[in-house]
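Okay, structure_3.pdb is below, PDB, C-alpha atoms:
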```
ATOM      1  CA  GLY A   1      15.827  -1.325   8.460  1.00  0.00           C
ATOM      2  CA  ASN A   2      13.955  -2.363   5.362  1.00  0.00           C
ATOM      3  CA  SER A   3      13.768  -0.126   2.306  1.00  0.00           C
ATOM      4  CA  VAL A   4      12.509  -0.236  -1.275  1.00  0.00           C
ATOM      5  CA  THR A   5      13.798   1.867  -4.154  1.00  0.00           C
ATOM      6  CA  GLN A   6      11.952   2.203  -7.435  1.00  0.00           C
ATOM      7  CA  MET A   7      12.051   4.564 -10.401  1.00  0.00           C
ATOM      8  CA  GLU A   8       9.549   7.346  -9.763  1.00  0.00           C
ATOM      9  CA  GLY A   9       8.609   8.504 -13.237  1.00  0.00           C
ATOM     10  CA  PRO A  10       6.381   9.502 -14.703  1.00  0.00           C
ATOM     11  CA  VAL A  11       7.117   6.838 -17.263  1.00  0.00           C
ATOM     12  CA  THR A  12       5.395   7.517 -20.584  1.00  0.00           C
ATOM     13  CA  LEU A  13       5.120   4.768 -23.200  1.00  0.00           C
ATOM     14  CA  SER A  14       3.174   4.146 -26.360  1.00  0.00           C
ATOM     15  CA  GLU A  15       0.602   1.385 -26.501  1.00  0.00           C
ATOM     16  CA  GLU A  16       2.125  -2.061 -27.208  1.00  0.00           C
ATOM     17  CA  ALA A  17       5.565  -0.996 -25.942  1.00  0.00           C
ATOM     18  CA  PHE A  18       7.622  -3.166 -23.582  1.00  0.00           C
ATOM     19  CA  LEU A  19       7.540  -2.096 -19.955  1.00  0.00           C
ATOM     20  CA  THR A  20      10.158  -2.427 -17.228  1.00  0.00           C
ATOM     21  CA  ILE A  21       9.858  -0.743 -13.842  1.00  0.00           C
ATOM     22  CA  ASN A  22      12.919  -1.310 -11.695  1.00  0.00           C
ATOM     23  CA  CYS A  23      12.678  -2.164  -8.017  1.00  0.00           C
ATOM     24  CA  THR A  24      15.504  -2.954  -5.615  1.00  0.00           C
ATOM     25  CA  TYR A  25      15.280  -3.615  -1.915  1.00  0.00           C
ATOM     26  CA  THR A  26      17.241  -3.764   1.311  1.00  0.00           C
ATOM     27  CA  ALA A  27      16.069  -6.169   3.979  1.00  0.00           C
ATOM     28  CA  THR A  28      17.324  -8.559   6.600  1.00  0.00           C
ATOM     29  CA  GLY A  29      16.377 -12.179   6.232  1.00  0.00           C
ATOM     30  CA  TYR A  30      14.103 -13.375   3.445  1.00  0.00           C
ATOM     31  CA  PRO A  31      11.337 -10.907   2.687  1.00  0.00           C
ATOM     32  CA  SER A  32       8.243 -11.462   0.580  1.00  0.00           C
ATOM     33  CA  LEU A  33       7.985  -9.072  -2.373  1.00  0.00           C
ATOM     34  CA  PHE A  34       4.922  -7.487  -3.935  1.00  0.00           C
ATOM     35  CA  TRP A  35       3.775  -5.218  -6.703  1.00  0.00           C
ATOM     36  CA  TYR A  36       0.623  -3.210  -6.042  1.00  0.00           C
ATOM     37  CA  VAL A  37      -1.253  -1.068  -8.576  1.00  0.00           C
ATOM     38  CA  GLN A  38      -3.317   2.041  -7.856  1.00  0.00           C
ATOM     39  CA  TYR A  39      -5.746   3.279 -10.494  1.00  0.00           C
ATOM     40  CA  PRO A  40      -6.869   6.927 -10.319  1.00  0.00           C
ATOM     41  CA  GLY A  41      -9.090   7.616  -7.314  1.00  0.00           C
ATOM     42  CA  GLU A  42      -8.873   4.069  -5.985  1.00  0.00           C
ATOM     43  CA  GLY A  43      -7.069   2.097  -3.305  1.00  0.00           C
ATOM     44  CA  LEU A  44      -4.157  -0.247  -3.905  1.00  0.00           C
ATOM     45  CA  GLN A  45      -4.704  -3.660  -5.445  1.00  0.00           C
ATOM     46  CA  LEU A  46      -2.255  -6.525  -5.251  1.00  0.00           C
ATOM     47  CA  LEU A  47      -0.891  -7.185  -8.747  1.00  0.00           C
ATOM     48  CA  LEU A  48       1.550 -10.019  -8.056  1.00  0.00           C
ATOM     49  CA  LYS A  49       3.818 -11.430  -5.390  1.00  0.00           C
ATOM     50  CA  ALA A  50       6.811 -13.707  -4.782  1.00  0.00           C
ATOM     51  CA  THR A  51       7.692 -15.224  -1.445  1.00  0.00           C
ATOM     52  CA  LYS A  52      11.115 -16.784  -2.035  1.00  0.00           C
ATOM     53  CA  ALA A  53      14.200 -16.408  -4.197  1.00  0.00           C
ATOM     54  CA  ASP A  54      13.770 -17.247  -7.899  1.00  0.00           C
ATOM     55  CA  ASP A  55       9.970 -17.245  -7.607  1.00  0.00           C
ATOM     56  CA  LYS A  56       8.208 -15.527 -10.503  1.00  0.00           C
ATOM     57  CA  GLY A  57       4.957 -13.733  -9.813  1.00  0.00           C
ATOM     58  CA  SER A  58       2.616 -13.092 -12.723  1.00  0.00           C
ATOM     59  CA  ASN A  59      -0.824 -11.601 -13.333  1.00  0.00           C
ATOM     60  CA  LYS A  60      -2.624  -9.815 -16.195  1.00  0.00           C
ATOM     61  CA  GLY A  61       0.451 -10.101 -18.445  1.00  0.00           C
ATOM     62  CA  PHE A  62       2.754  -8.570 -15.824  1.00  0.00           C
ATOM     63  CA  GLU A  63       5.565 -10.564 -14.267  1.00  0.00           C
ATOM     64  CA  ALA A  64       8.427 -10.087 -11.835  1.00  0.00           C
ATOM     65  CA  THR A  65      11.165 -12.438 -10.617  1.00  0.00           C
ATOM     66  CA  TYR A  66      12.559 -12.404  -7.078  1.00  0.00           C
ATOM     67  CA  ARG A  67      16.337 -12.058  -7.546  1.00  0.00           C
ATOM     68  CA  LYS A  68      18.108 -12.458  -4.236  1.00  0.00           C
ATOM     69  CA  GLU A  69      21.601 -12.051  -5.706  1.00  0.00           C
ATOM     70  CA  THR A  70      20.755  -8.580  -7.047  1.00  0.00           C
ATOM     71  CA  THR A  71      18.077  -7.787  -4.410  1.00  0.00           C
ATOM     72  CA  SER A  72      15.681  -6.871  -7.202  1.00  0.00           C
ATOM     73  CA  PHE A  73      12.068  -7.452  -8.225  1.00  0.00           C
ATOM     74  CA  HIS A  74      11.642  -5.651 -11.537  1.00  0.00           C
ATOM     75  CA  LEU A  75       8.156  -5.466 -13.055  1.00  0.00           C
ATOM     76  CA  GLU A  76       7.803  -6.288 -16.780  1.00  0.00           C
ATOM     77  CA  LYS A  77       5.070  -6.504 -19.375  1.00  0.00           C
ATOM     78  CA  GLY A  78       5.560  -7.340 -23.010  1.00  0.00           C
ATOM     79  CA  SER A  79       2.870  -5.127 -24.539  1.00  0.00           C
ATOM     80  CA  VAL A  80       1.212  -2.390 -22.484  1.00  0.00           C
ATOM     81  CA  GLN A  81      -2.289  -1.033 -22.993  1.00  0.00           C
ATOM     82  CA  VAL A  82      -3.835   2.358 -22.249  1.00  0.00           C
ATOM     83  CA  SER A  83      -5.748   0.671 -19.422  1.00  0.00           C
ATOM     84  CA  ASP A  84      -2.422  -0.094 -17.682  1.00  0.00           C
ATOM     85  CA  SER A  85      -1.997   3.607 -16.889  1.00  0.00           C
ATOM     86  CA  ALA A  86      -1.742   3.765 -13.092  1.00  0.00           C
ATOM     87  CA  VAL A  87       0.722   4.137 -10.229  1.00  0.00           C
ATOM     88  CA  TYR A  88       2.729   0.995  -9.442  1.00  0.00           C
ATOM     89  CA  PHE A  89       4.204   0.329  -6.008  1.00  0.00           C
ATOM     90  CA  CYS A  90       6.894  -2.175  -5.140  1.00  0.00           C
ATOM     91  CA  ALA A  91       6.697  -3.390  -1.542  1.00  0.00           C
ATOM     92  CA  LEU A  92       8.220  -5.902   0.811  1.00  0.00           C
ATOM     93  CA  SER A  93       7.206  -7.690   3.959  1.00  0.00           C
ATOM     94  CA  GLY A  94       9.883  -8.782   6.392  1.00  0.00           C
ATOM     95  CA  GLY A  95       7.556 -11.458   7.745  1.00  0.00           C
ATOM     96  CA  GLY A  96       6.701  -9.664  10.951  1.00  0.00           C
ATOM     97  CA  ALA A  97       3.614  -7.719  11.933  1.00  0.00           C
ATOM     98  CA  ASP A  98       5.026  -4.262  11.355  1.00  0.00           C
ATOM     99  CA  GLY A  99       3.510  -3.588   7.978  1.00  0.00           C
ATOM    100  CA  LEU A 100       4.640  -3.447   4.386  1.00  0.00           C
ATOM    101  CA  THR A 101       7.545  -1.234   3.320  1.00  0.00           C
ATOM    102  CA  PHE A 102       6.671   0.584   0.097  1.00  0.00           C
ATOM    103  CA  GLY A 103       8.653   2.277  -2.602  1.00  0.00           C
ATOM    104  CA  LYS A 104       7.564   5.773  -3.572  1.00  0.00           C
ATOM    105  CA  GLY A 105       5.551   4.585  -6.546  1.00  0.00           C
ATOM    106  CA  THR A 106       5.991   4.853 -10.325  1.00  0.00           C
ATOM    107  CA  HIS A 107       3.405   6.757 -12.340  1.00  0.00           C
ATOM    108  CA  LEU A 108       2.918   4.973 -15.673  1.00  0.00           C
ATOM    109  CA  ILE A 109       1.226   6.751 -18.582  1.00  0.00           C
ATOM    110  CA  ILE A 110       0.365   4.795 -21.723  1.00  0.00           C
ATOM    111  CA  GLN A 111      -0.477   6.842 -24.802  1.00  0.00           C
ATOM    112  CA  PRO A 112      -2.600   5.446 -27.648  1.00  0.00           C
TER
ATOM    113  CA  ASN B 113     -18.621  -9.395   0.570  1.00  0.00           C
ATOM    114  CA  ALA B 114     -17.735  -5.683   0.715  1.00  0.00           C
ATOM    115  CA  GLY B 115     -14.024  -6.189   1.507  1.00  0.00           C
ATOM    116  CA  VAL B 116     -12.446  -3.197   3.270  1.00  0.00           C
ATOM    117  CA  THR B 117     -14.650  -0.123   3.556  1.00  0.00           C
ATOM    118  CA  GLN B 118     -13.668   3.368   4.689  1.00  0.00           C
ATOM    119  CA  THR B 119     -15.719   6.426   5.574  1.00  0.00           C
ATOM    120  CA  PRO B 120     -15.794   9.271   4.839  1.00  0.00           C
ATOM    121  CA  LYS B 121     -14.335   9.465   1.345  1.00  0.00           C
ATOM    122  CA  PHE B 122     -13.438  13.156   1.694  1.00  0.00           C
ATOM    123  CA  GLN B 123     -13.096  15.400   4.748  1.00  0.00           C
ATOM    124  CA  VAL B 124     -12.018  18.971   5.413  1.00  0.00           C
ATOM    125  CA  LEU B 125     -11.030  19.942   8.953  1.00  0.00           C
ATOM    126  CA  LYS B 126      -9.833  23.103  10.591  1.00  0.00           C
ATOM    127  CA  THR B 127      -6.619  23.044  12.619  1.00  0.00           C
ATOM    128  CA  GLY B 128      -7.327  21.754  16.120  1.00  0.00           C
ATOM    129  CA  GLN B 129     -10.498  19.858  15.274  1.00  0.00           C
ATOM    130  CA  SER B 130     -10.805  16.168  16.002  1.00  0.00           C
ATOM    131  CA  MET B 131     -12.322  13.389  13.955  1.00  0.00           C
ATOM    132  CA  THR B 132     -12.409   9.637  13.471  1.00  0.00           C
ATOM    133  CA  LEU B 133     -11.763   7.857  10.198  1.00  0.00           C
ATOM    134  CA  GLN B 134     -13.739   4.651  10.054  1.00  0.00           C
ATOM    135  CA  CYS B 135     -12.503   1.339   8.671  1.00  0.00           C
ATOM    136  CA  ALA B 136     -14.315  -1.980   8.563  1.00  0.00           C
ATOM    137  CA  GLN B 137     -13.678  -5.338   6.925  1.00  0.00           C
ATOM    138  CA  ASP B 138     -15.971  -8.341   6.508  1.00  0.00           C
ATOM    139  CA  MET B 139     -13.334 -10.955   5.656  1.00  0.00           C
ATOM    140  CA  ASN B 140     -12.618 -12.019   9.253  1.00  0.00           C
ATOM    141  CA  HIS B 141      -9.043 -10.789   8.916  1.00  0.00           C
ATOM    142  CA  GLU B 142      -6.961 -10.690  12.077  1.00  0.00           C
ATOM    143  CA  TYR B 143      -4.489  -8.088  10.857  1.00  0.00           C
ATOM    144  CA  MET B 144      -5.485  -4.477  10.138  1.00  0.00           C
ATOM    145  CA  SER B 145      -3.414  -1.378   9.519  1.00  0.00           C
ATOM    146  CA  TRP B 146      -3.528   2.315   8.633  1.00  0.00           C
ATOM    147  CA  TYR B 147      -1.237   4.014   6.117  1.00  0.00           C
ATOM    148  CA  ARG B 148      -0.955   7.556   4.908  1.00  0.00           C
ATOM    149  CA  GLN B 149      -0.006   8.387   1.334  1.00  0.00           C
ATOM    150  CA  ASP B 150       1.782  11.626   0.544  1.00  0.00           C
ATOM    151  CA  PRO B 151       3.168  12.793  -2.826  1.00  0.00           C
ATOM    152  CA  GLY B 152       6.680  11.476  -3.407  1.00  0.00           C
ATOM    153  CA  MET B 153       6.624   9.526  -0.130  1.00  0.00           C
ATOM    154  CA  GLY B 154       4.843   6.307  -0.995  1.00  0.00           C
ATOM    155  CA  LEU B 155       2.767   4.787   1.808  1.00  0.00           C
ATOM    156  CA  ARG B 156       3.859   4.973   5.432  1.00  0.00           C
ATOM    157  CA  LEU B 157       2.485   2.856   8.263  1.00  0.00           C
ATOM    158  CA  ILE B 158       0.719   4.751  11.067  1.00  0.00           C
ATOM    159  CA  HIS B 159      -0.646   2.020  13.362  1.00  0.00           C
ATOM    160  CA  TYR B 160      -1.464  -1.652  13.082  1.00  0.00           C
ATOM    161  CA  SER B 161      -3.314  -4.381  14.950  1.00  0.00           C
ATOM    162  CA  VAL B 162      -2.734  -8.136  14.959  1.00  0.00           C
ATOM    163  CA  GLY B 163      -6.097  -8.874  16.560  1.00  0.00           C
ATOM    164  CA  ALA B 164      -8.915  -7.501  18.677  1.00  0.00           C
ATOM    165  CA  GLY B 165      -7.566  -5.694  21.730  1.00  0.00           C
ATOM    166  CA  ILE B 166      -4.010  -5.443  20.365  1.00  0.00           C
ATOM    167  CA  THR B 167      -2.546  -2.378  18.640  1.00  0.00           C
ATOM    168  CA  ASP B 168       0.948  -1.088  17.995  1.00  0.00           C
ATOM    169  CA  GLN B 169       2.692   1.898  16.460  1.00  0.00           C
ATOM    170  CA  GLY B 170       4.066   2.049  12.966  1.00  0.00           C
ATOM    171  CA  GLU B 171       6.519   4.434  11.338  1.00  0.00           C
ATOM    172  CA  VAL B 172       4.530   7.687  11.776  1.00  0.00           C
ATOM    173  CA  PRO B 173       2.162   7.326  14.789  1.00  0.00           C
ATOM    174  CA  ASN B 174       2.360  10.832  16.275  1.00  0.00           C
ATOM    175  CA  GLY B 175      -0.969  12.673  16.318  1.00  0.00           C
ATOM    176  CA  TYR B 176      -3.044   9.518  15.768  1.00  0.00           C
ATOM    177  CA  ASN B 177      -4.780   7.050  18.082  1.00  0.00           C
ATOM    178  CA  VAL B 178      -6.340   3.675  17.295  1.00  0.00           C
ATOM    179  CA  SER B 179      -8.319   0.996  19.059  1.00  0.00           C
ATOM    180  CA  ARG B 180      -9.498  -2.470  18.057  1.00  0.00           C
ATOM    181  CA  SER B 181     -12.517  -3.571  20.069  1.00  0.00           C
ATOM    182  CA  THR B 182     -13.797  -5.977  17.406  1.00  0.00           C
ATOM    183  CA  THR B 183     -12.209  -8.005  14.610  1.00  0.00           C
ATOM    184  CA  GLU B 184     -14.172  -6.039  12.008  1.00  0.00           C
ATOM    185  CA  ASP B 185     -13.457  -2.419  12.935  1.00  0.00           C
ATOM    186  CA  PHE B 186     -10.273  -0.380  13.247  1.00  0.00           C
ATOM    187  CA  PRO B 187     -10.964   3.369  13.587  1.00  0.00           C
ATOM    188  CA  LEU B 188      -8.235   6.004  13.352  1.00  0.00           C
ATOM    189  CA  ARG B 189      -8.614   9.097  15.545  1.00  0.00           C
ATOM    190  CA  LEU B 190      -7.058  12.490  15.003  1.00  0.00           C
ATOM    191  CA  LEU B 191      -7.256  14.266  18.366  1.00  0.00           C
ATOM    192  CA  SER B 192      -6.147  17.746  17.235  1.00  0.00           C
ATOM    193  CA  ALA B 193      -5.734  18.022  13.486  1.00  0.00           C
ATOM    194  CA  ALA B 194      -2.714  19.815  12.010  1.00  0.00           C
ATOM    195  CA  PRO B 195      -2.014  20.867   8.400  1.00  0.00           C
ATOM    196  CA  SER B 196       0.799  18.270   8.318  1.00  0.00           C
ATOM    197  CA  GLN B 197      -1.911  15.596   8.547  1.00  0.00           C
ATOM    198  CA  THR B 198      -3.322  16.561   5.158  1.00  0.00           C
ATOM    199  CA  SER B 199      -2.999  13.294   3.276  1.00  0.00           C
ATOM    200  CA  VAL B 200      -4.815  10.321   1.809  1.00  0.00           C
ATOM    201  CA  TYR B 201      -5.415   7.616   4.407  1.00  0.00           C
ATOM    202  CA  PHE B 202      -5.716   3.938   3.569  1.00  0.00           C
ATOM    203  CA  CYS B 203      -6.879   1.124   5.786  1.00  0.00           C
ATOM    204  CA  ALA B 204      -5.744  -2.409   4.964  1.00  0.00           C
ATOM    205  CA  SER B 205      -6.265  -5.922   6.291  1.00  0.00           C
ATOM    206  CA  SER B 206      -4.801  -9.372   5.814  1.00  0.00           C
ATOM    207  CA  TYR B 207      -5.546 -12.968   6.773  1.00  0.00           C
ATOM    208  CA  SER B 208      -2.769 -13.716   9.159  1.00  0.00           C
ATOM    209  CA  GLY B 209      -1.034 -11.918  11.971  1.00  0.00           C
ATOM    210  CA  GLN B 210       1.666 -11.056   9.503  1.00  0.00           C
ATOM    211  CA  ALA B 211       1.672  -8.088   7.214  1.00  0.00           C
ATOM    212  CA  HIS B 212       1.888  -9.640   3.779  1.00  0.00           C
ATOM    213  CA  GLU B 213      -0.685  -9.583   0.984  1.00  0.00           C
ATOM    214  CA  GLN B 214      -2.866  -6.857   2.377  1.00  0.00           C
ATOM    215  CA  TYR B 215      -6.271  -5.795   1.030  1.00  0.00           C
ATOM    216  CA  PHE B 216      -6.755  -2.036   0.850  1.00  0.00           C
ATOM    217  CA  GLY B 217      -9.801   0.154   1.273  1.00  0.00           C
ATOM    218  CA  PRO B 218     -10.633   2.978  -1.185  1.00  0.00           C
ATOM    219  CA  GLY B 219      -9.056   5.687   0.969  1.00  0.00           C
ATOM    220  CA  THR B 220     -10.073   8.890   2.771  1.00  0.00           C
ATOM    221  CA  ARG B 221      -8.752  12.183   1.428  1.00  0.00           C
ATOM    222  CA  LEU B 222      -8.280  14.554   4.382  1.00  0.00           C
ATOM    223  CA  THR B 223      -7.485  18.249   4.138  1.00  0.00           C
ATOM    224  CA  VAL B 224      -6.602  20.261   7.236  1.00  0.00           C
ATOM    225  CA  THR B 225      -6.727  24.038   6.836  1.00  0.00           C
TER
END
```
Mind turning this structure into structure tokens?
Amino acid sequence: GNSVTQMEGPVTLSEEAFLTINCTYTATGYPSLFWYVQYPGEGLQLLLKATKADDKGSNKGFEATYRKETTSFHLEKGSVQVSDSAVYFCALSGGGADGLTFGKGTHLIIQP
Amino acid sequence: NAGVTQTPKFQVLKTGQSMTLQCAQDMNHEYMSWYRQDPGMGLRLIHYSVGAGITDQGEVPNGYNVSRSTTEDFPLRLLSAAPSQTSVYFCASSYSGQAHEQYFGPGTRLTVT
């Protein structure tokens, strides 16, 4: 079956630091890949996505590249802000109707 | 356009009680789903629906029932609550019959004592 593995954290960084959150996946076929963000007390919001190999998703300064050869979709941001503090989920869709498969989430804490 | 709405926001139940978590969307999405979120477990799919009148089980369906009589609504029923069902529940929807790029509601935090 499908699975997603991501670093769980918490990850604590200083403001303006470079961020990488690793995500690797196992899936049959050609999944679509997503990063969702959950701010405290809220639901999940789609941050970015990529639907085929070598696609780069980007939004709000975050980006991630779909690497089929390494089955990875690492999230990066060049300079984080305190407002980026949240839980980040990597997820995949196998293309069917049976839902998204999520990683366990990475709690990111940005200190001023 | 309210997106995906869920009620209630918080609920406390005693073991054995029943209740229904409500979910509605106003985006005319065909696909709707329920997830539960537990610490260290990520989100796990409970049930999903690809359209009105059609539902199917996800990864963790035991103890939960769903129905989809309209495109807009997708309630989740707990028939006899157990402490293991203490969790945060999220409803989600998406445009197509497939699961990708889902829009999530704000969640219902349920405690079963």
Padded axis-aligned box of segment 105-112 of chain A (6 Å per side), centre and edge lengths, Å, one decimal, as lines of an AutoDock Vina configuration file:
```
center_x = 1.7
center_y = 5.7
center_z = -17.1
size_x = 20.6
size_y = 14.3
size_z = 33.1
```
Name the residues captured by the PyMOL selection byres ((chain B and resi 157) around 8) when it is applied to the shown file; answer as an mmCIF file with C-alpha atoms, in the coordinates of the input.
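The resulting file, selection14.cif, is shown below:
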```cif
data_model
loop_
_atom_site.group_PDB
_atom_site.id
_atom_site.type_symbol
_atom_site.label_atom_id
_atom_site.label_comp_id
_atom_site.auth_asym_id
_atom_site.auth_seq_id
_atom_site.Cartn_x
_atom_site.Cartn_y
_atom_site.Cartn_z
ATOM 1 C CA GLY A 99 3.510 -3.588 7.978
ATOM 2 C CA LEU A 100 4.640 -3.447 4.386
ATOM 3 C CA SER B 145 -3.414 -1.378 9.519
ATOM 4 C CA TRP B 146 -3.528 2.315 8.633
ATOM 5 C CA TYR B 147 -1.237 4.014 6.117
ATOM 6 C CA ARG B 148 -0.955 7.556 4.908
ATOM 7 C CA LEU B 155 2.767 4.787 1.808
ATOM 8 C CA ARG B 156 3.859 4.973 5.432
ATOM 9 C CA ILE B 158 0.719 4.751 11.067
ATOM 10 C CA HIS B 159 -0.646 2.020 13.362
ATOM 11 C CA TYR B 160 -1.464 -1.652 13.082
ATOM 12 C CA GLY B 170 4.066 2.049 12.966
ATOM 13 C CA GLU B 171 6.519 4.434 11.338
ATOM 14 C CA VAL B 172 4.530 7.687 11.776
ATOM 15 C CA PRO B 173 2.162 7.326 14.789
#
```
Exercise for the section: May I have the residues of chain B within 9 Å of chain A, counting all atoms listed in the file, written as JSON, numbers by chain? Expected result: {"B": [143, 145, 151, 152, 153, 154, 155, 156, 157, 159, 160, 161, 162, 168, 169, 170, 171, 202, 209, 210, 211, 212, 213, 214, 215, 216, 217, 218, 219]}
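Between atom CA of Arg189 of chain B and atom CA of Thr167 of chain B lies a distance of 13.3 Å.
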Exercise for the section: List the neighbours of segment 119-124 of chain B out to 8 Å using all atoms listed in the file; skip same-chain residues closer than 3 positions along the sequence, and give me the result as a VMD selection string. Expected result: chain B and resid 133 to 135 218 to 225
Problem - Within-12 Å shell of (-10.9, -10.0, 8.3) in input frame, only C-alpha atoms, as a count of residues only - result: 34
Quick one: which residues end up in the PyMOL selection byres ((chain B and resi 127) around 12) for this structure, as a JSON list (two decimals) with C-alpha atoms, in the coordinates of the input?
```
[["chain", "number", "residue", "atom", "x", "y", "z"],
["B", 124, "VAL", "CA", -12.02, 18.97, 5.41],
["B", 125, "LEU", "CA", -11.03, 19.94, 8.95],
["B", 126, "LYS", "CA", -9.83, 23.10, 10.59],
["B", 128, "GLY", "CA", -7.33, 21.75, 16.12],
["B", 129, "GLN", "CA", -10.50, 19.86, 15.27],
["B", 130, "SER", "CA", -10.80, 16.17, 16.00],
["B", 131, "MET", "CA", -12.32, 13.39, 13.96],
["B", 190, "LEU", "CA", -7.06, 12.49, 15.00],
["B", 191, "LEU", "CA", -7.26, 14.27, 18.37],
["B", 192, "SER", "CA", -6.15, 17.75, 17.24],
["B", 193, "ALA", "CA", -5.73, 18.02, 13.49],
["B", 194, "ALA", "CA", -2.71, 19.82, 12.01],
["B", 195, "PRO", "CA", -2.01, 20.87, 8.40],
["B", 196, "SER", "CA", 0.80, 18.27, 8.32],
["B", 197, "GLN", "CA", -1.91, 15.60, 8.55],
["B", 198, "THR", "CA", -3.32, 16.56, 5.16],
["B", 222, "LEU", "CA", -8.28, 14.55, 4.38],
["B", 223, "THR", "CA", -7.48, 18.25, 4.14],
["B", 224, "VAL", "CA", -6.60, 20.26, 7.24],
["B", 225, "THR", "CA", -6.73, 24.04, 6.84]]
```
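Atom pair atom CA of Val37 of chain A / atom CA of Asn59 of chain A has a distance of 11.6 Å (rounded to one decimal).
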Exercise for the section: Take the PyMOL selection byres ((chain A and resi 4) around 6), apply it to the structure above, and return the hits as an NGL selection string. Expected result: :A and (3 or 5 or 24-25 or 103)
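Between atom CA of Lys52 of chain A and atom CA of Pro10 of chain A lies a distance of 29.6 Å.
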Exercise for the section: Using only C-alpha atoms, find all polymer residues with an atom at most 6 Å away from the point (-6.5, 4.6, 16.7); report them as an NGL selection string. Expected result: :B and (177-179 or 187-189)
Practice task
Can you work out which one of A:Ala64, A:Leu47, A:Thr71, A:Val11 has the shortest atom-to-atom distance to Ala27 of chain A, counting only C-alpha atoms?
Solution key: A:Thr71
